[in-house]
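Notes for the one structure printed next.
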Amino acid sequence: MLEIKGVSKLYGDKQGCQSIHLNVMEQEICGVLGRNGSGKTTLFRCLLQLIPMDSGEVTLHGERLLLSDIGYVPEERSVIQDLRAWELVVFCAKLKNMKMADIYREMDYWFDKLEAQNIRNKRLKECSKGNQQKIQFICALIHKPKLLILDEPLTGLDVDNVELIKKIIYEHRKTGCIILLSSHQFEEIEHLCDRVLVLEHSIVKYSGRIKDIKDAHPQITITISDDPYRKHSDVEGVCRVISDGHYTKYVFREQKLAQKMFLSAVKIREYETMKVESLTLKDLLGDIHENID
Amino acid sequence: MKTLIEFSLRRRLSNPVALLLLGFTFLVTGALFFSDTWISSIAYDWVNPVEINAPEELVQFLEKQIEPGYVFVEAKEEAKIQIQFVDQSIEVYIHPTLSQYHAYQIEAWVTQYHTFSEIQKYPASIQQEMIHVMTPEIKMTYLPPKKDDHSGFIFITTMYFMMLSFSSAMANEIVVEKTSNMLELILTSVSFKAHYYAKMFIGWLSVILQTISYVGIALFWLLIRQLFDQGRGLFQLMYQIQWLPVRFVSFKEWMVSLNISHQWVTGLMVGFLFLFLGILVVQIIMVVISIRIEHIEEAGSVQGPFYLALLLIYYSSIFLNTPNQMNEGIGYILSFIPIFSMLFMPMRFLFYQASLVEVILSLSLSLGTWMIVVQWGEQYYRDHLIRGSKQAKCEKK
């Protein structure tokens, strides 16, 4: 289990993170969420021992967290452009004290797994951003870390690569790895995470399992396309209306009233798309933010 | 740390440009060592003596005084200058590729021969008087070459600029790691301390490996030339184009003529130690400057003035290179001040006077400064390499 106990790091300008407490079990994925500048990267840098904590303690399975236990994919692309893809992987693996035989075996596995064999001998400057990100993933995973820290891992990827990386992350937790991943786009990682840590202005706004959040907020949404004028906002049971371009999302607290509204909307439907779902993480956390504010 | 050093050295020394340069250096060095061979094919007279075919009596007369650039041959077809006695006159045929200088030279020799052979026809009693009248007594004395041998200083200044370029290369490496975000990734695997000392070692090893490469190339061609003709042809060319005042016949003979003493070698080694300590301090300062650089564009503007300061040290050592300055003036004071002492103290003990106590005192000051700067540099490196890294734990496992 990863235990983060009261970690604080503040810069002179009051940026950073304060009193972070977090427990993440083996095989769990924890999303560290927050807007830009909320303290996500500072927390990661503290865990990576790049910057000293002002206070607090971090342990992994009851012992001090070692760098050799961590795999890290930074937010910015961190590659040496003139190296070939395999050369960078070997360099990173050797920094983690891996033996060459193990490096080549693991490299074969991960290049296959990430569908990157075609770029293995390419120079990184010839690779797309998505492919460079794949190489960074291989660098982070090759030494079988116990804790994987992914800072905005899906930023700048195309749809196919987002799905591939999500799949890899989701599958990798089965190895017993604890995964922390940050994002400021909640909807991107909602399906991956078991728990979330929400940061705002350097403090924890929410920390817990996603299931617990949703249980505490038993809300249903009906999303209707091409409804810019909020046609159903006066319907009984609608507690909140959220506009998103031509889409309108109606939030209900009672399932029966939501079903009733949905049926009546279907009857008068022309070409609109309608979607019924539980409240998304984005909406929920938005709700939590508003309540706290 | 070992991985960092290996990786960096491989990138530095075995990249395509470095290998191309090494290959080019290999070829150029080979061409220099065998320059007489290829120069003789395009400019035969630069390397080979001019062949003269002349009557036996003339050959006998000139043999003792002929210059090294000429040689007598028996076969007329091989000769570039043919001298023939026809009746009472002397006919000289000169190859069109030869210059007017050769014509004047031959004319002088033939005139001299004619004069002496004509004098021989007179009674012995007046021959001496005639010689006295017809030939002036010229006493030609070659002035001895200047005794100041600056070869040691040439060696040290060469190393000075070479090492400076490497310390800047190392500083640039840090800038590149910072700007490519690789630094953050590397520091999640190694400690700040390991990274800092790895950069130091990389700088030092680069200098040593590069020097070994070039010295190795030179030694290789020297050995080949030794096996070929012991350097005879090369020395002939150097003598011919007046690079050497003496025509040596082998590398061994040349080495003996250098008269290298133990004292000279010891002086050079101590001078090199001063230089090395000074450059190490410079290297750390450059690293410290470089860690404050955020963009590659800043690197030039920050490092530029620093180079000018180092050039200033170099030129001041040239301008202050007088006995007065070096024995009791500013040069004397600067020979004890770290960084300056890397050039001033070697100059003092190589060309002027410096007591053993003064040398040891200056060396101790340099060593002490270096140790302080290393410690301070490590702390500064740890505190400023990454934003917010101040007081970061140095030890990581």
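Residue names in the structure tokens use chain letters A, B, ... in the order shown, residue numbers from 1 in each chain, and ligand numbers from 1 in the order shown.
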### Task
Skip Lys5 of chain A itself and residues of its chain fewer than 6 positions away, then list as a list in words all residues within 8 Å of it, counting only C-alpha atoms.
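My list of contacting residues is Ser19, Ile20, His21, Leu22, Gly56, Glu57 and Val58 of chain A.
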What are the closest atom pairs, with distances in Å to one decimal, for all residues of chain A lying within 8 Å of chain B? Consider only C-alpha atoms, order rows by chain and residue number, and present the result as JSON lines.
```
{"residue": "A:Tyr11", "atom": "CA", "partner": "B:Gly388", "partner_atom": "CA", "distance": 7.0}
{"residue": "A:Leu48", "atom": "CA", "partner": "B:Thr188", "partner_atom": "CA", "distance": 5.9}
{"residue": "A:Gln49", "atom": "CA", "partner": "B:Ala392", "partner_atom": "CA", "distance": 7.2}
{"residue": "A:Leu50", "atom": "CA", "partner": "B:Ser389", "partner_atom": "CA", "distance": 6.3}
{"residue": "A:Ile51", "atom": "CA", "partner": "B:Ser389", "partner_atom": "CA", "distance": 4.4}
{"residue": "A:Pro52", "atom": "CA", "partner": "B:Ala392", "partner_atom": "CA", "distance": 4.5}
{"residue": "A:Leu66", "atom": "CA", "partner": "B:Lys397", "partner_atom": "CA", "distance": 5.9}
{"residue": "A:Leu67", "atom": "CA", "partner": "B:Ser189", "partner_atom": "CA", "distance": 6.0}
{"residue": "A:Ser68", "atom": "CA", "partner": "B:Ser189", "partner_atom": "CA", "distance": 6.8}
{"residue": "A:Tyr72", "atom": "CA", "partner": "B:Leu185", "partner_atom": "CA", "distance": 7.5}
{"residue": "A:Pro74", "atom": "CA", "partner": "B:Leu185", "partner_atom": "CA", "distance": 7.5}
{"residue": "A:Glu76", "atom": "CA", "partner": "B:Asn181", "partner_atom": "CA", "distance": 7.0}
{"residue": "A:Arg77", "atom": "CA", "partner": "B:Asn181", "partner_atom": "CA", "distance": 7.0}
{"residue": "A:Ser78", "atom": "CA", "partner": "B:Asn181", "partner_atom": "CA", "distance": 4.7}
{"residue": "A:Val79", "atom": "CA", "partner": "B:Met182", "partner_atom": "CA", "distance": 6.1}
{"residue": "A:Ile80", "atom": "CA", "partner": "B:Ser180", "partner_atom": "CA", "distance": 6.7}
{"residue": "A:Phe91", "atom": "CA", "partner": "B:Phe7", "partner_atom": "CA", "distance": 7.2}
{"residue": "A:Cys92", "atom": "CA", "partner": "B:Ile186", "partner_atom": "CA", "distance": 7.7}
{"residue": "A:Lys94", "atom": "CA", "partner": "B:Thr3", "partner_atom": "CA", "distance": 6.4}
{"residue": "A:Leu95", "atom": "CA", "partner": "B:Ser189", "partner_atom": "CA", "distance": 6.0}
{"residue": "A:Lys96", "atom": "CA", "partner": "B:Ser189", "partner_atom": "CA", "distance": 6.2}
```
### Test item, strand (DSSP E) assignment across segment 163-262 of chain A, answer as a ChimeraX atom specification
/A:178-183,195-200,203-209,220-224,238-244,247-252
With 12 Å as the cut-off and only C-alpha atoms counted, what is the closest atom pair between each nearby residue of segment 63-177 of chain A and segment 34-40 of chain A? Distances in Å to one decimal, ordered by chain and number, as a tab-separated table.
```
residue	atom	partner	partner_atom	distance
A:Pro74	CA	A:Lys40	CA	11.7
A:Glu75	CA	A:Lys40	CA	10.8
A:Ile149	CA	A:Lys40	CA	11.0
A:Leu150	CA	A:Lys40	CA	10.7
A:Asp151	CA	A:Lys40	CA	8.2
A:Glu152	CA	A:Lys40	CA	9.7
```
### Message
So that I can check the secondary structure, give me every residue of segment 16-223 of chain A assigned alpha helix (DSSP H) by backbone DSSP, as a VMD selection string.
### Response
chain A and resid 40 to 47 85 to 95 100 to 113 129 to 141 159 to 172 186 to 189 210 to 216
Counting only C-alpha atoms, what is within 9 Å of Ser366 of chain B, bar same-chain residues fewer than 6 positions away, as a PDB file with all heavy atoms, in the first residue's frame?
```pdb
ATOM      1  N   PHE B 274      48.980  22.464 -12.719  1.00  0.00           N
ATOM      2  CA  PHE B 274      48.405  23.795 -12.468  1.00  0.00           C
ATOM      3  C   PHE B 274      47.244  24.054 -13.428  1.00  0.00           C
ATOM      4  O   PHE B 274      46.183  24.519 -13.030  1.00  0.00           O
ATOM      5  CB  PHE B 274      49.470  24.876 -12.665  1.00  0.00           C
ATOM      6  CG  PHE B 274      50.229  25.205 -11.415  1.00  0.00           C
ATOM      7  CD1 PHE B 274      51.473  24.658 -11.174  1.00  0.00           C
ATOM      8  CD2 PHE B 274      49.694  26.057 -10.471  1.00  0.00           C
ATOM      9  CE1 PHE B 274      52.175  24.952 -10.017  1.00  0.00           C
ATOM     10  CE2 PHE B 274      50.386  26.371  -9.308  1.00  0.00           C
ATOM     11  CZ  PHE B 274      51.634  25.808  -9.077  1.00  0.00           C
ATOM     12  N   LEU B 277      44.136  21.907 -12.576  1.00  0.00           N
ATOM     13  CA  LEU B 277      43.395  22.396 -11.403  1.00  0.00           C
ATOM     14  C   LEU B 277      42.603  23.661 -11.751  1.00  0.00           C
ATOM     15  O   LEU B 277      41.456  23.822 -11.347  1.00  0.00           O
ATOM     16  CB  LEU B 277      44.362  22.689 -10.254  1.00  0.00           C
ATOM     17  CG  LEU B 277      44.813  21.489  -9.436  1.00  0.00           C
ATOM     18  CD1 LEU B 277      45.904  21.889  -8.458  1.00  0.00           C
ATOM     19  CD2 LEU B 277      43.645  20.882  -8.675  1.00  0.00           C
ATOM     20  N   GLY B 278      43.237  24.525 -12.499  1.00  0.00           N
ATOM     21  CA  GLY B 278      42.571  25.768 -12.896  1.00  0.00           C
ATOM     22  C   GLY B 278      41.361  25.497 -13.760  1.00  0.00           C
ATOM     23  O   GLY B 278      40.285  26.061 -13.559  1.00  0.00           O
ATOM     24  N   VAL B 281      38.350  24.190 -11.853  1.00  0.00           N
ATOM     25  CA  VAL B 281      37.590  25.261 -11.195  1.00  0.00           C
ATOM     26  C   VAL B 281      36.701  25.964 -12.228  1.00  0.00           C
ATOM     27  O   VAL B 281      35.517  26.214 -11.987  1.00  0.00           O
ATOM     28  CB  VAL B 281      38.556  26.271 -10.520  1.00  0.00           C
ATOM     29  CG1 VAL B 281      37.785  27.468  -9.972  1.00  0.00           C
ATOM     30  CG2 VAL B 281      39.329  25.595  -9.397  1.00  0.00           C
ATOM     31  N   PHE B 336      50.018  33.425  -7.905  1.00  0.00           N
ATOM     32  CA  PHE B 336      49.539  32.786  -6.671  1.00  0.00           C
ATOM     33  C   PHE B 336      48.006  32.779  -6.590  1.00  0.00           C
ATOM     34  O   PHE B 336      47.442  32.162  -5.702  1.00  0.00           O
ATOM     35  CB  PHE B 336      50.095  33.528  -5.439  1.00  0.00           C
ATOM     36  CG  PHE B 336      51.571  33.368  -5.292  1.00  0.00           C
ATOM     37  CD1 PHE B 336      52.436  34.378  -5.698  1.00  0.00           C
ATOM     38  CD2 PHE B 336      52.117  32.197  -4.788  1.00  0.00           C
ATOM     39  CE1 PHE B 336      53.803  34.238  -5.583  1.00  0.00           C
ATOM     40  CE2 PHE B 336      53.490  32.053  -4.677  1.00  0.00           C
ATOM     41  CZ  PHE B 336      54.335  33.065  -5.083  1.00  0.00           C
ATOM     42  N   ILE B 337      47.369  33.500  -7.492  1.00  0.00           N
ATOM     43  CA  ILE B 337      45.902  33.599  -7.425  1.00  0.00           C
ATOM     44  C   ILE B 337      45.288  32.473  -8.250  1.00  0.00           C
ATOM     45  O   ILE B 337      45.577  32.349  -9.444  1.00  0.00           O
ATOM     46  CB  ILE B 337      45.427  34.983  -7.940  1.00  0.00           C
ATOM     47  CG1 ILE B 337      45.970  36.056  -6.991  1.00  0.00           C
ATOM     48  CG2 ILE B 337      43.911  35.049  -8.031  1.00  0.00           C
ATOM     49  CD1 ILE B 337      45.692  37.460  -7.425  1.00  0.00           C
ATOM     50  N   PRO B 338      44.473  31.623  -7.618  1.00  0.00           N
ATOM     51  CA  PRO B 338      43.851  30.511  -8.337  1.00  0.00           C
ATOM     52  C   PRO B 338      43.163  30.990  -9.627  1.00  0.00           C
ATOM     53  O   PRO B 338      42.673  32.111  -9.686  1.00  0.00           O
ATOM     54  CB  PRO B 338      42.834  29.966  -7.339  1.00  0.00           C
ATOM     55  CG  PRO B 338      43.402  30.313  -6.011  1.00  0.00           C
ATOM     56  CD  PRO B 338      44.088  31.636  -6.197  1.00  0.00           C
ATOM     57  N   ILE B 339      43.097  30.154 -10.575  1.00  0.00           N
ATOM     58  CA  ILE B 339      42.623  30.371 -11.949  1.00  0.00           C
ATOM     59  C   ILE B 339      43.714  31.084 -12.753  1.00  0.00           C
ATOM     60  O   ILE B 339      44.149  30.579 -13.778  1.00  0.00           O
ATOM     61  CB  ILE B 339      41.282  31.138 -12.053  1.00  0.00           C
ATOM     62  CG1 ILE B 339      40.175  30.325 -11.358  1.00  0.00           C
ATOM     63  CG2 ILE B 339      40.902  31.362 -13.515  1.00  0.00           C
ATOM     64  CD1 ILE B 339      38.790  30.931 -11.446  1.00  0.00           C
ATOM     65  N   SER B 341      46.725  31.430 -11.765  1.00  0.00           N
ATOM     66  CA  SER B 341      47.983  30.707 -11.554  1.00  0.00           C
ATOM     67  C   SER B 341      48.168  29.565 -12.553  1.00  0.00           C
ATOM     68  O   SER B 341      49.278  29.104 -12.764  1.00  0.00           O
ATOM     69  CB  SER B 341      48.054  30.179 -10.122  1.00  0.00           C
ATOM     70  OG  SER B 341      47.049  29.227  -9.896  1.00  0.00           O
ATOM     71  N   MET B 342      47.059  29.107 -13.178  1.00  0.00           N
ATOM     72  CA  MET B 342      47.194  27.972 -14.100  1.00  0.00           C
ATOM     73  C   MET B 342      48.066  28.332 -15.310  1.00  0.00           C
ATOM     74  O   MET B 342      48.626  27.446 -15.953  1.00  0.00           O
ATOM     75  CB  MET B 342      45.827  27.447 -14.544  1.00  0.00           C
ATOM     76  CG  MET B 342      45.007  28.364 -15.398  1.00  0.00           C
ATOM     77  SD  MET B 342      43.463  27.572 -15.875  1.00  0.00           S
ATOM     78  CE  MET B 342      42.427  28.979 -16.163  1.00  0.00           C
TER      79      MET B 342
END
```
### Nearest candidate to Lys166 of chain A (options A:Thr248, A:Lys144, A:Leu114, A:Asn23; using only C-alpha atoms)
A:Leu114
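Checking A:Ser233, A:Thr59, A:Ser128, A:Thr221 one by one against Leu47 of chain A, counting only C-alpha atoms, you find the shortest gap at A:Thr59.
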### Message
So that I can see what lies close to segment 100-111 of chain A, please list as number ranges by chain the residues with an atom at most 6 Å from it, counting only C-alpha atoms and leaving out residues fewer than 5 positions away in the same chain.
### Response
A: 116-117, 142
### Atomic separation - atom CA of Ile179 of chain A relative to atom CA of Val196 of chain A, Å
11.3 Å
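Atom CA of Ala54 of chain B lies 10.4 Å from atom CA of Ile90 of chain B.
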### Residue among B:Phe26, B:Trp254, B:Trp243, B:Tyr104 lying closest to Ser213 of chain B, counting only C-alpha atoms
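Distance minimum relative to Ser213 of chain B lands on B:Phe26.
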#### Entry: For Met170 of chain B: contacts at 9 Å, only C-alpha atoms, fewer than 5 positions along chain excluded, given as number ranges by chain
B: 165, 175, 199-200, 202-203, 283, 286-287
### Contacts of Cys30 of chain A at 7 Å (only C-alpha atoms; same-chain gap of 6+ positions) as a PyMOL selection string
chain A and resi 24+179-181+193-196
